[in-house]
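Dropping final.cif in here (mmCIF, C-alpha atoms):
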```
data_target
#
loop_
_atom_site.group_PDB
_atom_site.id
_atom_site.type_symbol
_atom_site.label_atom_id
_atom_site.label_comp_id
_atom_site.auth_asym_id
_atom_site.auth_seq_id
_atom_site.Cartn_x
_atom_site.Cartn_y
_atom_site.Cartn_z
ATOM 1 C CA MET U 1 0.000 0.000 0.000
ATOM 2 C CA ALA U 2 1.356 3.361 -0.963
ATOM 3 C CA GLU U 3 2.071 5.748 1.818
ATOM 4 C CA GLU U 4 -0.019 8.888 1.672
ATOM 5 C CA ASN U 5 1.891 12.138 1.705
ATOM 6 C CA THR U 6 -0.374 14.552 3.505
ATOM 7 C CA ARG U 7 1.011 17.902 4.481
ATOM 8 C CA THR U 8 -0.998 20.118 6.720
ATOM 9 C CA ARG U 9 -0.706 23.777 5.975
ATOM 10 C CA SER U 10 -0.324 26.376 8.673
ATOM 11 C CA PRO U 11 -3.384 28.496 9.257
ATOM 12 C CA LEU U 12 -3.446 31.744 7.330
ATOM 13 C CA TRP U 13 -3.388 33.830 10.491
ATOM 14 C CA MET U 14 -0.170 32.103 11.622
ATOM 15 C CA ARG U 15 1.569 32.771 8.299
ATOM 16 C CA ALA U 16 0.444 36.399 8.416
ATOM 17 C CA LEU U 17 1.724 36.737 11.976
ATOM 18 C CA LEU U 18 5.109 35.303 10.976
ATOM 19 C CA LEU U 19 5.371 37.739 8.056
ATOM 20 C CA ILE U 20 4.480 40.685 10.283
ATOM 21 C CA SER U 21 7.021 39.535 12.864
ATOM 22 C CA LEU U 22 9.689 39.249 10.183
ATOM 23 C CA GLY U 23 8.851 42.741 8.923
ATOM 24 C CA VAL U 24 9.075 44.251 12.399
ATOM 25 C CA ASN U 25 12.395 42.509 13.055
ATOM 26 C CA LEU U 26 13.815 43.771 9.766
ATOM 27 C CA ALA U 27 12.608 47.296 10.515
ATOM 28 C CA ILE U 28 14.277 47.258 13.929
ATOM 29 C CA ALA U 29 17.489 45.867 12.442
ATOM 30 C CA GLY U 30 17.404 48.633 9.826
ATOM 31 C CA LEU U 31 16.923 51.332 12.453
ATOM 32 C CA VAL U 32 19.812 50.018 14.543
ATOM 33 C CA ALA U 33 22.078 49.720 11.495
ATOM 34 C CA GLY U 34 21.117 53.221 10.363
ATOM 35 C CA PHE U 35 21.879 54.665 13.774
ATOM 36 C CA LEU U 36 25.256 52.958 13.926
ATOM 37 C CA LEU U 37 26.279 53.861 10.382
ATOM 38 C CA ARG U 38 25.138 57.455 10.211
ATOM 39 C CA GLU U 39 27.482 60.389 10.347
ATOM 40 C CA PRO U 40 28.072 61.865 13.791
ATOM 41 C CA GLY U 41 25.710 64.689 14.584
ATOM 42 C CA PRO U 42 25.124 66.993 17.517
ATOM 43 C CA LEU U 43 23.634 64.216 19.642
ATOM 44 C CA ARG U 44 26.582 61.905 19.007
ATOM 45 C CA GLY U 45 29.218 64.480 19.886
ATOM 46 C CA GLY U 46 30.200 65.621 16.407
ATOM 47 C CA GLY U 47 29.869 68.764 14.411
ATOM 48 C CA PRO U 48 29.500 72.373 15.395
ATOM 49 C CA GLY U 49 26.096 71.800 17.005
ATOM 50 C CA ALA U 50 27.539 69.626 19.779
ATOM 51 C CA SER U 51 26.364 70.846 23.132
ATOM 52 C CA PHE U 52 28.930 72.033 25.645
ATOM 53 C CA GLY U 53 26.862 70.363 28.345
ATOM 54 C CA LEU U 54 26.821 66.921 26.750
ATOM 55 C CA PRO U 55 30.159 65.712 28.212
ATOM 56 C CA TYR U 56 28.965 66.749 31.680
ATOM 57 C CA LEU U 57 25.828 64.692 31.273
ATOM 58 C CA ILE U 58 27.574 61.670 29.749
ATOM 59 C CA ALA U 59 30.093 61.574 32.620
ATOM 60 C CA MET U 60 27.414 61.493 35.319
ATOM 61 C CA GLU U 61 26.536 58.271 37.080
ATOM 62 C CA ARG U 62 23.322 56.819 35.654
ATOM 63 C CA PRO U 63 21.057 57.741 38.627
ATOM 64 C CA ASP U 64 22.344 61.338 38.627
ATOM 65 C CA ARG U 65 21.952 61.644 34.857
ATOM 66 C CA ARG U 66 18.427 60.209 35.106
ATOM 67 C CA ALA U 67 17.561 62.760 37.821
ATOM 68 C CA VAL U 68 18.731 65.660 35.625
ATOM 69 C CA LEU U 69 16.855 64.407 32.559
ATOM 70 C CA ASP U 70 13.694 63.644 34.535
ATOM 71 C CA THR U 71 13.728 67.141 36.026
ATOM 72 C CA VAL U 72 13.903 68.670 32.554
ATOM 73 C CA ARG U 73 11.251 66.331 31.117
ATOM 74 C CA LYS U 74 8.834 67.050 33.954
ATOM 75 C CA ASN U 75 9.239 70.820 33.650
ATOM 76 C CA ASN U 76 5.798 71.958 32.482
ATOM 77 C CA ASP U 77 7.145 75.404 31.563
ATOM 78 C CA LEU U 78 9.074 73.875 28.657
ATOM 79 C CA PRO U 79 7.535 72.880 25.328
ATOM 80 C CA ASN U 80 7.042 69.135 25.071
ATOM 81 C CA ARG U 81 8.301 66.974 22.212
ATOM 82 C CA ARG U 82 5.036 67.323 20.328
ATOM 83 C CA ALA U 83 5.278 71.120 20.386
ATOM 84 C CA ARG U 84 8.897 70.995 19.185
ATOM 85 C CA ARG U 85 7.946 68.559 16.390
ATOM 86 C CA GLU U 86 5.153 70.921 15.353
ATOM 87 C CA GLN U 87 7.710 73.728 15.057
ATOM 88 C CA PHE U 88 9.799 71.553 12.727
ATOM 89 C CA ALA U 89 6.702 70.721 10.685
ATOM 90 C CA GLN U 90 5.924 74.438 10.429
ATOM 91 C CA MET U 91 9.477 75.107 9.243
ATOM 92 C CA ILE U 92 9.238 72.407 6.599
ATOM 93 C CA THR U 93 6.012 73.983 5.343
ATOM 94 C CA LEU U 94 7.669 77.411 5.253
ATOM 95 C CA ILE U 95 10.694 76.055 3.371
ATOM 96 C CA ARG U 96 8.476 74.452 0.738
ATOM 97 C CA ALA U 97 6.337 77.559 0.245
ATOM 98 C CA THR U 98 6.716 79.622 -2.891
ATOM 99 C CA PRO U 99 7.708 82.339 -2.603
ATOM 100 C CA LEU U 100 9.873 81.931 0.494
ATOM 101 C CA ASP U 101 8.559 84.012 3.404
ATOM 102 C CA ARG U 102 11.873 85.041 4.946
ATOM 103 C CA ALA U 103 10.241 86.937 7.814
ATOM 104 C CA ALA U 104 8.171 83.903 8.834
ATOM 105 C CA VAL U 105 11.254 81.650 8.684
ATOM 106 C CA GLU U 106 13.243 84.100 10.808
ATOM 107 C CA ALA U 107 10.418 84.387 13.341
ATOM 108 C CA LEU U 108 10.196 80.611 13.677
ATOM 109 C CA LEU U 109 13.984 80.328 14.004
ATOM 110 C CA LYS U 110 13.842 82.844 16.855
ATOM 111 C CA ARG U 111 11.074 80.838 18.557
ATOM 112 C CA GLN U 112 13.131 77.669 18.198
ATOM 113 C CA ALA U 113 16.202 79.439 19.619
ATOM 114 C CA ARG U 114 14.164 80.632 22.625
ATOM 115 C CA THR U 115 12.913 77.081 23.148
ATOM 116 C CA ALA U 116 16.459 75.680 22.959
ATOM 117 C CA GLY U 117 17.658 78.346 25.396
ATOM 118 C CA ALA U 118 14.881 77.555 27.850
ATOM 119 C CA VAL U 119 15.641 73.824 27.710
ATOM 120 C CA GLN U 120 19.349 74.509 28.156
ATOM 121 C CA SER U 121 18.723 76.776 31.156
ATOM 122 C CA ALA U 122 16.471 74.185 32.790
ATOM 123 C CA ALA U 123 19.038 71.442 32.160
ATOM 124 C CA GLN U 124 21.828 73.562 33.622
ATOM 125 C CA ALA U 125 19.796 74.299 36.749
ATOM 126 C CA ALA U 126 18.965 70.598 37.196
ATOM 127 C CA TRP U 127 22.614 69.635 36.619
ATOM 128 C CA LEU U 128 23.849 72.181 39.149
ATOM 129 C CA ALA U 129 21.315 70.962 41.725
ATOM 130 C CA GLN U 130 22.557 67.397 41.214
ATOM 131 C CA LEU U 131 26.184 68.575 41.497
ATOM 132 C CA GLU U 132 25.388 70.228 44.827
ATOM 133 C CA LEU U 133 24.165 66.883 46.179
ATOM 134 C CA MET U 134 27.595 65.303 45.620
ATOM 135 C CA ASP U 135 30.242 65.296 48.326
ATOM 136 C CA ALA U 136 33.848 66.294 47.565
ATOM 137 C CA LYS U 137 34.916 62.713 46.794
ATOM 138 C CA ALA U 138 32.017 62.142 44.393
ATOM 139 C CA ARG U 139 32.701 65.478 42.655
ATOM 140 C CA ALA U 140 36.394 64.560 42.224
ATOM 141 C CA ALA U 141 35.444 61.201 40.677
ATOM 142 C CA TYR U 142 32.935 62.992 38.471
ATOM 143 C CA ALA U 143 35.602 65.461 37.304
ATOM 144 C CA ASP U 144 37.823 62.487 36.393
ATOM 145 C CA ARG U 145 34.989 60.975 34.317
ATOM 146 C CA ILE U 146 34.483 64.293 32.513
ATOM 147 C CA GLU U 147 38.182 64.298 31.581
ATOM 148 C CA THR U 148 37.829 60.728 30.308
ATOM 149 C CA VAL U 149 34.809 61.651 28.193
ATOM 150 C CA LEU U 150 36.639 64.663 26.747
ATOM 151 C CA ARG U 151 39.775 62.621 26.060
ATOM 152 C CA ARG U 152 37.817 60.052 24.049
ATOM 153 C CA GLY U 153 36.792 62.590 21.453
ATOM 154 C CA PRO U 154 33.586 62.797 19.423
ATOM 155 C CA LYS U 155 33.433 59.114 18.469
ATOM 156 C CA GLY U 156 34.433 57.667 21.835
ATOM 157 C CA ASP U 157 37.948 56.991 20.514
ATOM 158 C CA ARG U 158 40.085 56.021 23.497
ATOM 159 C CA LYS U 159 43.233 56.868 21.529
ATOM 160 C CA ALA U 160 42.271 60.487 20.922
ATOM 161 C CA PRO U 161 45.061 62.968 21.666
ATOM 162 C CA LYS U 162 45.163 64.401 25.153
#
```

Would it be possible to restate this file's structure as structure tokens?
Amino acid sequence: MAEENTRTRSPLWMRALLLISLGVNLAIAGLVAGFLLREPGPLRGGGPGASFGLPYLIAMERPDRRAVLDTVRKNNDLPNRRARREQFAQMITLIRATPLDRAAVEALLKRQARTAGAVQSAAQAAWLAQLELMDAKARAAYADRIETVLRRGPKGDRKAPK
């Protein structure tokens, strides 16, 4: 008697779920690869837009850094991420407009500069408050970590010149 070759197919919902899972995994892998391969920008320590305060924040112990960032995030006097994204969307609309409305672009740039200044001031105040909580030994260790961060250079190169 011939052996029957019966193959059961997976349910359609299972195949769809596997395809969606594969797509999500590929998207995440693409985002990670894009982040790692992109040129250094202001948030990665490169270029003229690099913040002077970034090395101070990077060198902090994780709980101290978290306290500074949480203080800034919870500050209701500062525009939230949605408001800042809306400003970028407005700028994109202004850039695409014909003819270019230079006055509107300048006004929005000034608003964005005020926002950046307010965030920077709040971050500095939170950082200083955290610094005041440290004793002399902790501040000395922190100063050493700042020197290490600065010595590494913009890409974290441990061989950067001193």

Residues at most 8 Å from Ala59 in chain U, counting all atoms listed in the file, excluding those fewer than 6 positions away in the same chain, as a compact mmCIF listing (two decimals) with C-alpha atoms, in the frame of the given file?
```
# COMPACT_ATOMS: atom_id res chain seq x y z
CA TYR U 142 32.94 62.99 38.47
CA ARG U 145 34.99 60.98 34.32
CA ILE U 146 34.48 64.29 32.51
CA VAL U 149 34.81 61.65 28.19
```

Using all atoms listed in the file, which of the listed residues (U:Ala141, U:Ile28, U:Ala123, U:Met91) sits closest to Leu78 in chain U?
U:Ala123

Among U:Asp64, U:Arg81, U:Phe52, U:Trp13, Glu132 in chain U is approached most closely, using all atoms listed in the file, by U:Asp64

On this file, the PyMOL selection byres ((chain U and resi 143) around 12) gives some set of residues; write that set as number ranges by chain.
U: 55-61, 131, 134, 136-142, 144-150

Quick one: distance from CA of Arg62 in chain U to CA of Asp135 in chain U in Å, one decimal?
16.7 Å

Atom pair CA of Asn75 in chain U / CA of Ala113 in chain U: separation (Å)
17.9 Å

What does the distance between CA of Arg102 in chain U and CA of Arg114 in chain U come to in Å, to one decimal place?
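Straight-line distance from CA of Arg102 in chain U to CA of Arg114 in chain U works out to 18.4 Å.
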
Selected residue of minimal separation from Ala89 in chain U among U:Asn76, U:Ala103, U:Leu108, U:Ala67, counting all atoms listed in the file
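Of U:Asn76, U:Ala103, U:Leu108, U:Ala67, the one nearest Ala89 in chain U is U:Leu108, counting all atoms listed in the file.
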
Apply the PyMOL selection byres ((chain U and resi 119) around 10) to the displayed file and report the matching residues as a list in words.
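That expression, the PyMOL selection byres ((chain U and resi 119) around 10), corresponds here to Val72, Arg73, Asn75, Asp77, Leu78, Pro79, Ala113, Arg114, Thr115, Ala116, Gly117, Ala118, Gln120, Ser121, Ala122, Ala123, Gln124 and Ala125 of chain U.
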